[in-house]
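Enquirer: Could you have a look at this structure, given as structure tokens, before my questions?
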Amino acid sequence: MNALVLEAQNGRVGFPLTKDQFPPYASVLPTQPPVNTLIAERKALQSALKRALLVAHPEDHSIHLQVEDEGLKVQALDHTHTPASEEVVPGEGQGEVRVNGKFLLQALEECKEERVHLHLHSGPRSPLLEIREEGFYALMAGLRTATPQNPS
């Protein structure tokens with residue numbers, strides 16, 4: 001059965017891909033070229049994500065990805081959005097994004113290419129991360145940076 005399955009922190013929901021019943025998903029799909037692209041060796045990124053997820057905040061599995069001169073920096077973020085671990089894997093491109101590392105790891109497990117292209121698009125509330133391969137497509141919302149709260 002053709003269906004769109006959305007997975008979130010508290011569960012999973014599926015929508016059948018029939019025209020009369022399916023929600024208007026096209027309105028959230030990127031229509032412009034990506035603003036940046038992060039390129040990494042898939043297996044190295046998967047290994048780094050697995051290690052980072054051991055210490056990332058367990059509610060949103062926050063991971064910060066950023067291209068630097070040395071490669072792609074993978075940071076696990078704790079509940080205060082502070083790096084809890086840091087690792088650099090071979091990579092290139094431009095940009096940075098905070099994303100649910102668990103969702104990204106699941107998407108990468110479906111990829112077959114040795115190098116993955118993580119395309120970053122501007123989104124209405126947060127960046128969108130897109131992975132596109134022959135026979136596979138993933139789109140996930142980046143995590144917004146928490147706004148510091150004023151003590152009362």
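In the structure tokens, each chain is lettered A, B, ... as it comes, each chain's residues begin at 1, and ligands are numbered from 1 in order of appearance.
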Taking the backbone alone, and naming residues the way the document does, which bits of range 87-138 of chain A are strand (DSSP E) by DSSP, as a VMD selection string?
Expert: chain A and resid 87 to 89 91 to 93 96 to 100 115 to 121 128 to 133 136 to 138
Enquirer: Excluding same-chain residues fewer than 5 positions from range 112-127 of chain A, what lies within 10 Å of it counting only C-alpha atoms, as a PyMOL selection string?
Expert: chain A and resi 28-45+90-99+104+132-136+138-145
Enquirer: Quote the spacing between CA of Tyr137 in chain A and CA of Ala107 in chain A in Å to one decimal place.
Expert: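 Separation between CA of Tyr137 in chain A and CA of Ala107 in chain A: 8.6 Å.
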Enquirer: Among range 7-139 of chain A, which ones does DSSP assign to helix (DSSP H, G or I) (computed from the backbone)? Answer as a ChimeraX atom specification.
Expert: /A:25-28,42-53,101-108
Enquirer: For a quick check of understanding, using only C-alpha atoms, which of A:Gln106, A:Ser85, A:Asn100, A:Ser27 has the smallest distance to Val55 in chain A?
Expert: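 Residue with the minimum atom-to-atom distance to Val55 in chain A: A:Ser85.
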